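Student: mmCIF, C-alpha atoms and all ligand atoms, file upload21.cif:
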```cif
data_my_file
loop_
_atom_site.group_PDB
_atom_site.id
_atom_site.type_symbol
_atom_site.label_atom_id
_atom_site.label_comp_id
_atom_site.auth_asym_id
_atom_site.auth_seq_id
_atom_site.Cartn_x
_atom_site.Cartn_y
_atom_site.Cartn_z
ATOM 1 C CA MET A 1 111.431 142.824 118.924
ATOM 2 C CA LEU A 2 112.235 140.300 116.184
ATOM 3 C CA LYS A 3 111.574 136.714 117.124
ATOM 4 C CA HIS A 4 114.096 134.073 116.001
ATOM 5 C CA GLU A 5 113.401 130.339 116.070
ATOM 6 C CA LYS A 6 115.593 127.409 115.003
ATOM 7 C CA PHE A 7 114.086 124.299 113.395
ATOM 8 C CA LYS A 8 115.083 121.157 111.561
ATOM 9 C CA GLY A 9 112.960 120.045 108.647
ATOM 10 C CA ILE A 10 112.642 118.612 105.157
ATOM 11 C CA VAL A 11 111.816 120.797 102.142
ATOM 12 C CA ILE A 12 108.609 119.397 100.615
ATOM 13 C CA LYS A 13 107.645 122.193 98.225
ATOM 14 C CA THR A 14 109.164 125.344 96.754
ATOM 15 C CA TYR A 15 107.726 127.950 94.435
ATOM 16 C CA PRO A 16 108.972 131.234 93.028
ATOM 17 C CA TRP A 17 107.766 134.495 94.484
ATOM 18 C CA LYS A 18 108.286 137.889 92.873
ATOM 19 C CA GLU A 19 111.613 138.289 91.029
ATOM 20 C CA ALA A 20 114.215 136.687 93.239
ATOM 21 C CA ASP A 21 112.375 135.100 96.185
ATOM 22 C CA LYS A 22 110.968 131.687 96.880
ATOM 23 C CA ILE A 23 108.350 130.309 99.240
ATOM 24 C CA ILE A 24 109.512 127.128 100.935
ATOM 25 C CA ILE A 25 107.328 124.584 102.717
ATOM 26 C CA PHE A 26 108.988 122.295 105.289
ATOM 27 C CA ILE A 27 107.837 119.315 107.309
ATOM 28 C CA THR A 28 109.333 119.624 110.795
ATOM 29 C CA PRO A 29 108.699 117.852 114.128
ATOM 30 C CA LEU A 30 106.513 120.892 114.879
ATOM 31 C CA GLY A 31 104.370 120.352 111.789
ATOM 32 C CA LYS A 32 104.252 121.958 108.364
ATOM 33 C CA ILE A 33 105.950 125.375 108.161
ATOM 34 C CA LYS A 34 105.795 127.869 105.289
ATOM 35 C CA ALA A 35 108.392 130.663 105.009
ATOM 36 C CA PHE A 36 109.969 133.110 102.565
ATOM 37 C CA ALA A 37 113.526 132.790 101.298
ATOM 38 C CA PRO A 38 114.287 136.320 100.103
ATOM 39 C CA GLY A 39 116.794 136.685 97.260
ATOM 40 C CA ILE A 40 117.346 132.934 96.994
ATOM 41 C CA ARG A 41 116.974 132.848 93.219
ATOM 42 C CA LYS A 42 119.986 135.129 92.781
ATOM 43 C CA ILE A 43 123.084 133.191 91.668
ATOM 44 C CA THR A 44 125.058 134.663 94.584
ATOM 45 C CA SER A 45 122.640 133.408 97.284
ATOM 46 C CA LYS A 46 124.355 131.207 99.875
ATOM 47 C CA LYS A 47 121.075 129.392 100.428
ATOM 48 C CA LEU A 48 120.857 128.332 96.780
ATOM 49 C CA GLY A 49 121.075 124.541 96.575
ATOM 50 C CA LYS A 50 120.399 124.023 100.280
ATOM 51 C CA LEU A 51 116.681 124.621 99.932
ATOM 52 C CA GLU A 52 115.893 122.182 97.121
ATOM 53 C CA LEU A 53 113.172 119.506 97.292
ATOM 54 C CA PHE A 54 114.123 116.708 99.763
ATOM 55 C CA SER A 55 116.815 118.825 101.511
ATOM 56 C CA TYR A 56 116.928 117.994 105.220
ATOM 57 C CA VAL A 57 118.196 121.148 106.914
ATOM 58 C CA TYR A 58 118.538 123.204 110.059
ATOM 59 C CA PHE A 59 117.009 126.606 109.460
ATOM 60 C CA MET A 60 116.475 129.812 111.377
ATOM 61 C CA LEU A 61 113.254 131.783 111.028
ATOM 62 C CA GLU A 62 112.756 135.452 111.719
ATOM 63 C CA SER A 63 109.162 136.486 112.321
ATOM 64 C CA ARG A 64 108.176 139.897 111.008
ATOM 65 C CA LYS A 65 104.923 140.568 109.164
ATOM 66 C CA ILE A 66 105.992 137.549 107.137
ATOM 67 C CA THR A 67 108.248 134.670 108.228
ATOM 68 C CA LEU A 68 111.739 134.850 106.707
ATOM 69 C CA ILE A 69 114.357 132.100 106.439
ATOM 70 C CA LYS A 70 117.596 133.638 107.745
ATOM 71 C CA GLN A 71 120.129 130.796 107.948
ATOM 72 C CA VAL A 72 120.248 127.315 106.463
ATOM 73 C CA GLU A 73 122.545 124.403 107.221
ATOM 74 C CA LEU A 74 122.289 121.186 105.212
ATOM 75 C CA ILE A 75 121.979 117.977 107.260
ATOM 76 C CA TYR A 76 121.278 115.473 104.448
ATOM 77 C CA ALA A 77 120.479 116.007 100.755
ATOM 78 C CA TYR A 78 118.841 112.668 99.732
ATOM 79 C CA LYS A 79 120.990 112.846 96.589
ATOM 80 C CA ALA A 80 119.954 109.398 95.323
ATOM 81 C CA LEU A 81 116.352 110.585 95.023
ATOM 82 C CA ARG A 82 117.408 113.390 92.663
ATOM 83 C CA SER A 83 119.550 111.278 90.345
ATOM 84 C CA ASN A 84 117.103 108.499 89.411
ATOM 85 C CA LEU A 85 113.784 109.289 87.720
ATOM 86 C CA HIS A 86 111.901 106.364 89.323
ATOM 87 C CA LEU A 87 113.083 107.306 92.808
ATOM 88 C CA PHE A 88 112.464 110.986 92.108
ATOM 89 C CA SER A 89 108.842 110.424 91.017
ATOM 90 C CA ARG A 90 108.090 108.293 94.077
ATOM 91 C CA GLY A 91 109.870 110.733 96.366
ATOM 92 C CA CYS A 92 107.863 113.635 94.879
ATOM 93 C CA TYR A 93 104.664 111.677 95.404
ATOM 94 C CA LEU A 94 105.534 111.282 99.107
ATOM 95 C CA LEU A 95 106.271 115.004 99.476
ATOM 96 C CA GLU A 96 102.943 115.838 97.863
ATOM 97 C CA LEU A 97 101.125 113.293 100.036
ATOM 98 C CA PHE A 98 102.484 114.884 103.222
ATOM 99 C CA ASN A 99 101.827 118.408 101.915
ATOM 100 C CA ASN A 100 98.214 117.626 101.011
ATOM 101 C CA LEU A 101 97.299 115.820 104.208
ATOM 102 C CA LEU A 102 99.075 117.944 106.829
ATOM 103 C CA GLU A 103 97.937 121.202 108.364
ATOM 104 C CA GLU A 104 100.387 123.995 109.216
ATOM 105 C CA ARG A 105 102.061 123.956 112.655
ATOM 106 C CA GLU A 106 100.410 120.745 113.835
ATOM 107 C CA VAL A 107 103.047 119.160 116.096
ATOM 108 C CA ASN A 108 103.681 115.493 115.303
ATOM 109 C CA TYR A 109 107.126 113.966 115.710
ATOM 110 C CA GLU A 110 105.973 110.542 114.416
ATOM 111 C CA ILE A 111 104.955 112.065 111.067
ATOM 112 C CA PHE A 112 108.260 113.899 110.682
ATOM 113 C CA SER A 113 110.173 110.673 111.412
ATOM 114 C CA LEU A 114 107.985 108.763 108.965
ATOM 115 C CA LEU A 115 108.950 111.130 106.138
ATOM 116 C CA LYS A 116 112.637 111.307 107.127
ATOM 117 C CA ASN A 117 112.992 107.520 107.400
ATOM 118 C CA GLY A 118 110.681 106.819 104.453
ATOM 119 C CA LEU A 119 112.843 108.879 102.066
ATOM 120 C CA LYS A 120 115.955 107.149 103.416
ATOM 121 C CA ILE A 121 114.454 103.700 102.743
ATOM 122 C CA LEU A 122 113.389 104.757 99.226
ATOM 123 C CA GLU A 123 117.051 105.563 98.495
ATOM 124 C CA LYS A 124 117.833 101.837 98.892
ATOM 125 C CA GLU A 125 115.700 101.129 95.785
ATOM 126 C CA ASN A 126 114.074 97.937 97.114
ATOM 127 C CA ASN A 127 110.341 97.218 97.137
ATOM 128 C CA LEU A 128 109.583 100.834 96.222
ATOM 129 C CA ASP A 129 105.845 100.452 95.736
ATOM 130 C CA LEU A 130 105.351 98.393 98.886
ATOM 131 C CA ILE A 131 107.223 101.045 100.906
ATOM 132 C CA LEU A 132 104.960 103.776 99.512
ATOM 133 C CA ARG A 133 101.905 101.797 100.591
ATOM 134 C CA ILE A 134 103.243 101.272 104.136
ATOM 135 C CA ILE A 135 104.045 104.981 104.427
ATOM 136 C CA GLU A 136 100.553 105.890 103.161
ATOM 137 C CA TYR A 137 98.967 103.529 105.693
ATOM 138 C CA LYS A 138 101.055 104.836 108.590
ATOM 139 C CA LEU A 139 100.529 108.488 107.664
ATOM 140 C CA ILE A 140 96.734 108.220 107.500
ATOM 141 C CA SER A 141 96.785 106.245 110.757
ATOM 142 C CA TYR A 142 98.896 108.914 112.535
ATOM 143 C CA LEU A 143 96.443 111.532 111.267
ATOM 144 C CA GLY A 144 93.520 109.662 112.815
ATOM 145 C CA TYR A 145 92.128 108.064 109.629
ATOM 146 C CA LYS A 146 93.249 104.495 110.341
ATOM 147 C CA PRO A 147 90.945 102.286 108.235
ATOM 148 C CA ILE A 148 88.770 99.683 109.982
ATOM 149 C CA THR A 149 90.148 96.327 108.818
ATOM 150 C CA ASN A 150 89.332 93.847 111.585
ATOM 151 C CA CYS A 151 85.554 93.643 111.030
ATOM 152 C CA CYS A 152 82.788 94.969 108.781
ATOM 153 C CA VAL A 153 82.621 98.748 109.235
ATOM 154 C CA VAL A 154 78.774 98.625 109.186
ATOM 155 C CA CYS A 155 77.594 95.464 111.028
ATOM 156 C CA LYS A 156 80.878 94.511 112.840
ATOM 157 C CA SER A 157 80.721 90.949 111.486
ATOM 158 C CA ASN A 158 84.071 89.310 110.725
ATOM 159 C CA LEU A 159 82.755 86.921 108.090
ATOM 160 C CA ASN A 160 82.871 87.362 104.290
ATOM 161 C CA LEU A 161 84.910 90.558 104.390
ATOM 162 C CA LYS A 162 85.308 91.129 100.664
ATOM 163 C CA TYR A 163 85.040 94.858 99.948
ATOM 164 C CA PHE A 164 86.565 98.141 101.022
ATOM 165 C CA ASN A 165 84.553 101.334 101.093
ATOM 166 C CA PRO A 166 86.710 104.504 101.030
ATOM 167 C CA ILE A 167 83.826 106.737 102.146
ATOM 168 C CA LEU A 168 83.047 104.590 105.209
ATOM 169 C CA GLY A 169 86.781 104.096 105.841
ATOM 170 C CA GLY A 170 86.820 100.335 106.230
ATOM 171 C CA ILE A 171 85.952 96.883 104.984
ATOM 172 C CA LEU A 172 82.463 95.604 104.268
ATOM 173 C CA CYS A 173 80.973 92.129 104.488
ATOM 174 C CA SER A 174 79.037 90.698 101.511
ATOM 175 C CA SER A 175 75.654 91.360 103.170
ATOM 176 C CA CYS A 176 76.388 95.039 103.826
ATOM 177 C CA LEU A 177 77.674 95.579 100.284
ATOM 178 C CA ARG A 178 74.173 95.887 98.746
ATOM 179 C CA LYS A 179 73.337 99.084 100.641
ATOM 180 C CA ASN A 180 76.866 100.483 100.241
ATOM 181 C CA ASN A 181 77.693 99.449 96.710
ATOM 182 C CA LEU A 182 78.747 102.911 95.570
ATOM 183 C CA TYR A 183 82.563 103.366 95.575
ATOM 184 C CA SER A 184 83.153 99.942 97.187
ATOM 185 C CA VAL A 185 86.218 98.084 95.857
ATOM 186 C CA PHE A 186 86.816 94.336 95.956
ATOM 187 C CA ILE A 187 89.606 93.442 98.415
ATOM 188 C CA TYR A 188 91.618 90.197 98.219
ATOM 189 C CA PRO A 189 92.109 88.337 101.532
ATOM 190 C CA GLU A 190 95.873 88.796 101.027
ATOM 191 C CA THR A 191 95.409 92.571 100.725
ATOM 192 C CA LEU A 192 93.366 92.615 103.907
ATOM 193 C CA ASN A 193 96.117 90.645 105.702
ATOM 194 C CA LEU A 194 98.676 93.185 104.501
ATOM 195 C CA LEU A 195 96.649 96.124 105.826
ATOM 196 C CA ASN A 196 96.498 94.401 109.218
ATOM 197 C CA LEU A 197 100.226 93.702 109.031
ATOM 198 C CA PHE A 198 101.085 97.343 108.188
ATOM 199 C CA ALA A 199 99.800 98.508 111.575
ATOM 200 C CA LYS A 200 102.732 96.662 113.201
ATOM 201 C CA ALA A 201 105.280 96.549 110.354
ATOM 202 C CA ASP A 202 108.324 98.778 110.140
ATOM 203 C CA LEU A 203 109.599 100.253 106.890
ATOM 204 C CA ASN A 204 112.395 97.690 106.574
ATOM 205 C CA ILE A 205 109.914 94.851 106.111
ATOM 206 C CA LYS A 206 111.014 92.198 103.604
ATOM 207 C CA ILE A 207 108.124 90.344 101.974
ATOM 208 C CA LYS A 208 107.386 89.316 98.427
ATOM 209 C CA ILE A 209 103.971 90.314 97.123
ATOM 210 C CA GLU A 210 102.279 89.405 93.859
ATOM 211 C CA GLU A 211 101.672 92.292 91.511
ATOM 212 C CA GLU A 212 97.895 91.762 91.529
ATOM 213 C CA ILE A 213 97.779 92.137 95.316
ATOM 214 C CA LEU A 214 100.062 95.171 95.202
ATOM 215 C CA ASN A 215 97.752 96.788 92.611
ATOM 216 C CA ASN A 216 94.693 96.010 94.733
ATOM 217 C CA LEU A 217 96.416 97.532 97.774
ATOM 218 C CA LYS A 218 97.356 100.639 95.798
ATOM 219 C CA GLU A 219 93.821 101.135 94.469
ATOM 220 C CA ILE A 220 92.295 100.806 97.947
ATOM 221 C CA LEU A 221 94.739 103.060 99.771
ATOM 222 C CA GLN A 222 94.751 105.739 97.094
ATOM 223 C CA LYS A 223 90.955 105.899 96.836
ATOM 224 C CA TYR A 224 90.836 106.187 100.615
ATOM 225 C CA ILE A 225 93.519 108.902 100.692
ATOM 226 C CA GLN A 226 91.796 110.892 97.937
ATOM 227 C CA ASN A 227 88.720 110.751 100.133
ATOM 228 C CA CYS A 228 90.646 111.973 103.223
ATOM 229 C CA SER A 229 92.473 114.734 101.316
ATOM 230 C CA PRO A 230 90.840 117.984 100.206
ATOM 231 C CA LYS A 231 93.425 118.392 97.405
ATOM 232 C CA LYS A 232 93.991 116.513 94.155
ATOM 233 C CA PHE A 233 97.336 114.755 93.697
ATOM 234 C CA ASN A 234 99.441 115.743 90.683
ATOM 235 C CA SER A 235 102.297 113.322 91.166
ATOM 236 C CA LEU A 236 99.939 110.321 91.071
ATOM 237 C CA ASP A 237 99.335 111.270 87.440
ATOM 238 C CA PHE A 238 103.066 111.744 87.003
ATOM 239 C CA GLU A 239 103.762 108.255 88.325
ATOM 240 C CA ARG A 240 101.009 106.826 86.132
ATOM 241 C CA ASN A 241 102.364 108.559 83.035
ATOM 242 C CA LEU A 242 105.830 107.299 83.806
ATOM 243 C CA LYS A 243 104.600 103.700 83.954
ATOM 244 C CA SER A 244 102.734 103.959 80.683
ATOM 245 C CA VAL A 245 105.878 105.091 78.822
HETATM 246 ZN ZN ZN B 301 78.473 93.928 107.400
#
```
Can the structure from this file be put into structure tokens for me?
Ligand SMILES: [Zn+2]
Tutor:
Amino acid sequence: MLKHEKFKGIVIKTYPWKEADKIIIFITPLGKIKAFAPGIRKITSKKLGKLELFSYVYFMLESRKITLIKQVELIYAYKALRSNLHLFSRGCYLLELFNNLLEEREVNYEIFSLLKNGLKILEKENNLDLILRIIEYKLISYLGYKPITNCCVVCKSNLNLKYFNPILGGILCSSCLRKNNLYSVFIYPETLNLLNLFAKADLNIKIKIEEEILNNLKEILQKYIQNCSPKKFNSLDFERNLKSV
């Protein structure tokens, strides 16, 4: 007997398959789901346009040898993210971040909400880079990689905390730096305060941060994420290229 299941989820990746089909990857409250959309690339397909990147949809799956997408209903399109290049590049980075770090069918409602609400906040166009950093921090924390930021990750001291080591997953004091110099990055006290704040902060947070601190925060979180993720990020390069234009 064919098994039908109904889900809600956000399209995070699509790629062509054979002549007229596409493979679609969703983030849902039940984890990452990959399915086939047969015939979707034909002009006459009713699903065309509903299964674009960022589309938040209800969808029905039919499980045969492969999993097919049978019905799609659009809930929200995140149109603002498609019409502005800066929002689009940051939105794509988030989709790639979630795709790289999540396993298939790993139930986690908090992670689904983080993506859904994170994209919504990006649409408001305020504090874009700070929002990305908070989402990164929360995502790695929900996945069990929360960095140690309240004491030295090696000796547990809370004095002279001046470095972050992405391999050890936390901050280092000056005395422990010598033995763990490789890959360690200098961390400003303000950056450390922000990391501690992110554990409690919601995505609507309104604070002004100097560019130097924001850059330090970005370097630390992205080195740590690269270390947690088995895959390389393409959209980080895209974002970088965009800024150098
Ligand atoms: Zn130490």
Student: Take the point (112.8, 112.5, 93.2) in the file's coordinates, draw a sphere of radius 10 Å around it, and report as a list in words every protein, DNA or RNA residue with an atom inside or on it, counting all atoms listed in the file.
Tutor: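 Residues lying no farther than 10 Å from the given point: Leu53, Phe54, Tyr78, Lys79, Ala80, Leu81, Arg82, Ser83, Asn84, Leu85, His86, Leu87, Phe88, Ser89, Arg90, Gly91, Cys92, Tyr93, Leu94, Leu95, Leu119, Leu122 and Glu123 of chain A.
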Student: Let me see if you get this right: every residue at most 9 Å from ligand ZN 301 (chain B), counting only C-alpha atoms and all ligand atoms, written as a list of chain:residue names.
Tutor: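 Listing the residues within 9 Å of ligand ZN 301 (chain B) gives A:Cys151, A:Cys152, A:Val153, A:Val154, A:Cys155, A:Lys156, A:Ser157, A:Asn158, A:Leu159, A:Asn160, A:Leu161, A:Ile171, A:Leu172, A:Cys173, A:Ser174, A:Ser175, A:Cys176, A:Leu177.
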Student: Measure the distance from CA of Val72 in chain A to CA of Ile43 in chain A in Å and round it to one decimal.
Tutor: 16.2 Å
Student: Nearest to Ile225 in chain A among A:Glu136, A:Glu52, A:Glu211, A:Glu5, with distances taken over all atoms listed in the file: which residue is it?
Tutor: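 Between A:Glu136, A:Glu52, A:Glu211, A:Glu5, the residue approaching Ile225 in chain A most closely is A:Glu136.
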Student: Have a look at CA of Ser55 in chain A and CA of Ala77 in chain A and let me know their distance in Å, one decimal.
Tutor: 4.7 Å
Student: Using all atoms listed in the file, which of the listed residues (A:Val185, A:Met60, A:Leu221, A:Ile111) sits closest to Tyr142 in chain A?
Tutor: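 Closest to Tyr142 in chain A of all the choices is A:Ile111.
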Student: Which polymer residues have any atom within 9 Å of an atom of Lys6 in chain A, counting all atoms listed in the file, with same-chain residues fewer than 3 positions away left out, as a list in words?
Tutor: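 Result of the neighbour search: Tyr58, Phe59, Met60 and Leu61 of chain A.
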Student: Expand the PyMOL selection byres (((chain A and resi 135) around 10) and not hetatm) into the explicit residue set it covers here, and present it as a list of chain:residue names.
Tutor: A:Leu94, A:Leu97, A:Ile111, A:Leu114, A:Leu115, A:Asn117, A:Gly118, A:Leu119, A:Asp129, A:Leu130, A:Ile131, A:Leu132, A:Arg133, A:Ile134, A:Glu136, A:Tyr137, A:Lys138, A:Leu139, A:Ile140, A:Ser141, A:Phe198, A:Asp202, A:Leu203
Student: Write out as a PDB file with C-alpha atoms, keeping the file's coordinate frame which residues come within 12 Å of Arg41 in chain A when counting all atoms listed in the file, dropping same-chain ones fewer than 3 positions away.
Tutor:
```
ATOM      1  CA  THR A  14     109.164 125.344  96.754  1.00  0.00           C
ATOM      2  CA  TYR A  15     107.726 127.950  94.435  1.00  0.00           C
ATOM      3  CA  PRO A  16     108.972 131.234  93.028  1.00  0.00           C
ATOM      4  CA  TRP A  17     107.766 134.495  94.484  1.00  0.00           C
ATOM      5  CA  LYS A  18     108.286 137.889  92.873  1.00  0.00           C
ATOM      6  CA  GLU A  19     111.613 138.289  91.029  1.00  0.00           C
ATOM      7  CA  ALA A  20     114.215 136.687  93.239  1.00  0.00           C
ATOM      8  CA  ASP A  21     112.375 135.100  96.185  1.00  0.00           C
ATOM      9  CA  LYS A  22     110.968 131.687  96.880  1.00  0.00           C
ATOM     10  CA  ILE A  23     108.350 130.309  99.240  1.00  0.00           C
ATOM     11  CA  PHE A  36     109.969 133.110 102.565  1.00  0.00           C
ATOM     12  CA  ALA A  37     113.526 132.790 101.298  1.00  0.00           C
ATOM     13  CA  PRO A  38     114.287 136.320 100.103  1.00  0.00           C
ATOM     14  CA  THR A  44     125.058 134.663  94.584  1.00  0.00           C
ATOM     15  CA  SER A  45     122.640 133.408  97.284  1.00  0.00           C
ATOM     16  CA  LYS A  46     124.355 131.207  99.875  1.00  0.00           C
ATOM     17  CA  LYS A  47     121.075 129.392 100.428  1.00  0.00           C
ATOM     18  CA  LEU A  48     120.857 128.332  96.780  1.00  0.00           C
ATOM     19  CA  GLY A  49     121.075 124.541  96.575  1.00  0.00           C
ATOM     20  CA  LYS A  50     120.399 124.023 100.280  1.00  0.00           C
ATOM     21  CA  LEU A  51     116.681 124.621  99.932  1.00  0.00           C
ATOM     22  CA  GLU A  52     115.893 122.182  97.121  1.00  0.00           C
TER      23      GLU A  52
END
```
Student: Evaluate the PyMOL selection byres (((chain A and resi 220) around 9) and not hetatm) and record the selected residues as a ChimeraX atom specification, following the chain and residue labels used in the document.
Tutor: /A:164-166,185-187,215-219,221-225
Student: CA of Ser229 in chain A and CA of Lys13 in chain A are how many Å apart?
Tutor: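 Computed distance, CA of Ser229 in chain A to CA of Lys13 in chain A, equals 17.2 Å.
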Student: List the neighbours of Ser113 in chain A out to 10 Å using all atoms listed in the file; skip same-chain residues closer than 6 positions along the sequence, and give me the result as a PDB file with C-alpha atoms, in the coordinates of the input.
Tutor:
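For reference, around.pdb as written:
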```pdb
ATOM      1  CA  ILE A  27     107.837 119.315 107.309  1.00  0.00           C
ATOM      2  CA  THR A  28     109.333 119.624 110.795  1.00  0.00           C
ATOM      3  CA  PRO A  29     108.699 117.852 114.128  1.00  0.00           C
ATOM      4  CA  LEU A 119     112.843 108.879 102.066  1.00  0.00           C
TER       5      LEU A 119
END
```
Student: If you apply the PyMOL selection byres (((chain A and resi 104) around 6) and not hetatm) to this file, what residues do you get, as a list of chain:residue names?
Tutor: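 Expected selection for the PyMOL selection byres (((chain A and resi 104) around 6) and not hetatm) here is A:Gly31, A:Lys32, A:Ile33, A:Glu103, A:Arg105, A:Glu106.
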Student: Identify which of the residues A:Leu143, A:Ala35, A:Arg178, A:Thr191 lies closest to Tyr109 in chain A, counting all atoms listed in the file when measuring atom-to-atom distances.
Tutor: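 Among A:Leu143, A:Ala35, A:Arg178, A:Thr191, it is A:Leu143 that comes nearest to Tyr109 in chain A.
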Student: Calculate, to one decimal in Å, the centre and edge lengths of the box along x, y and z of the file that holds all listed atoms of range 3-11 of chain A with 5 Å of margin on each side, and present them as AutoDock Vina command-line options.
Tutor:
```
--center_x 113.6 --center_y 127.7 --center_z 109.6 --size_x 14.0 --size_y 28.1 --size_z 25.0
```
Student: Using all atoms listed in the file, can you tell me which of A:Ile213, A:Lys3, A:Ser184, A:Glu125 comes closest to Ser63 in chain A?
Tutor: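 When distances to Ser63 in chain A are compared using all atoms listed in the file, the smallest one comes from A:Lys3.
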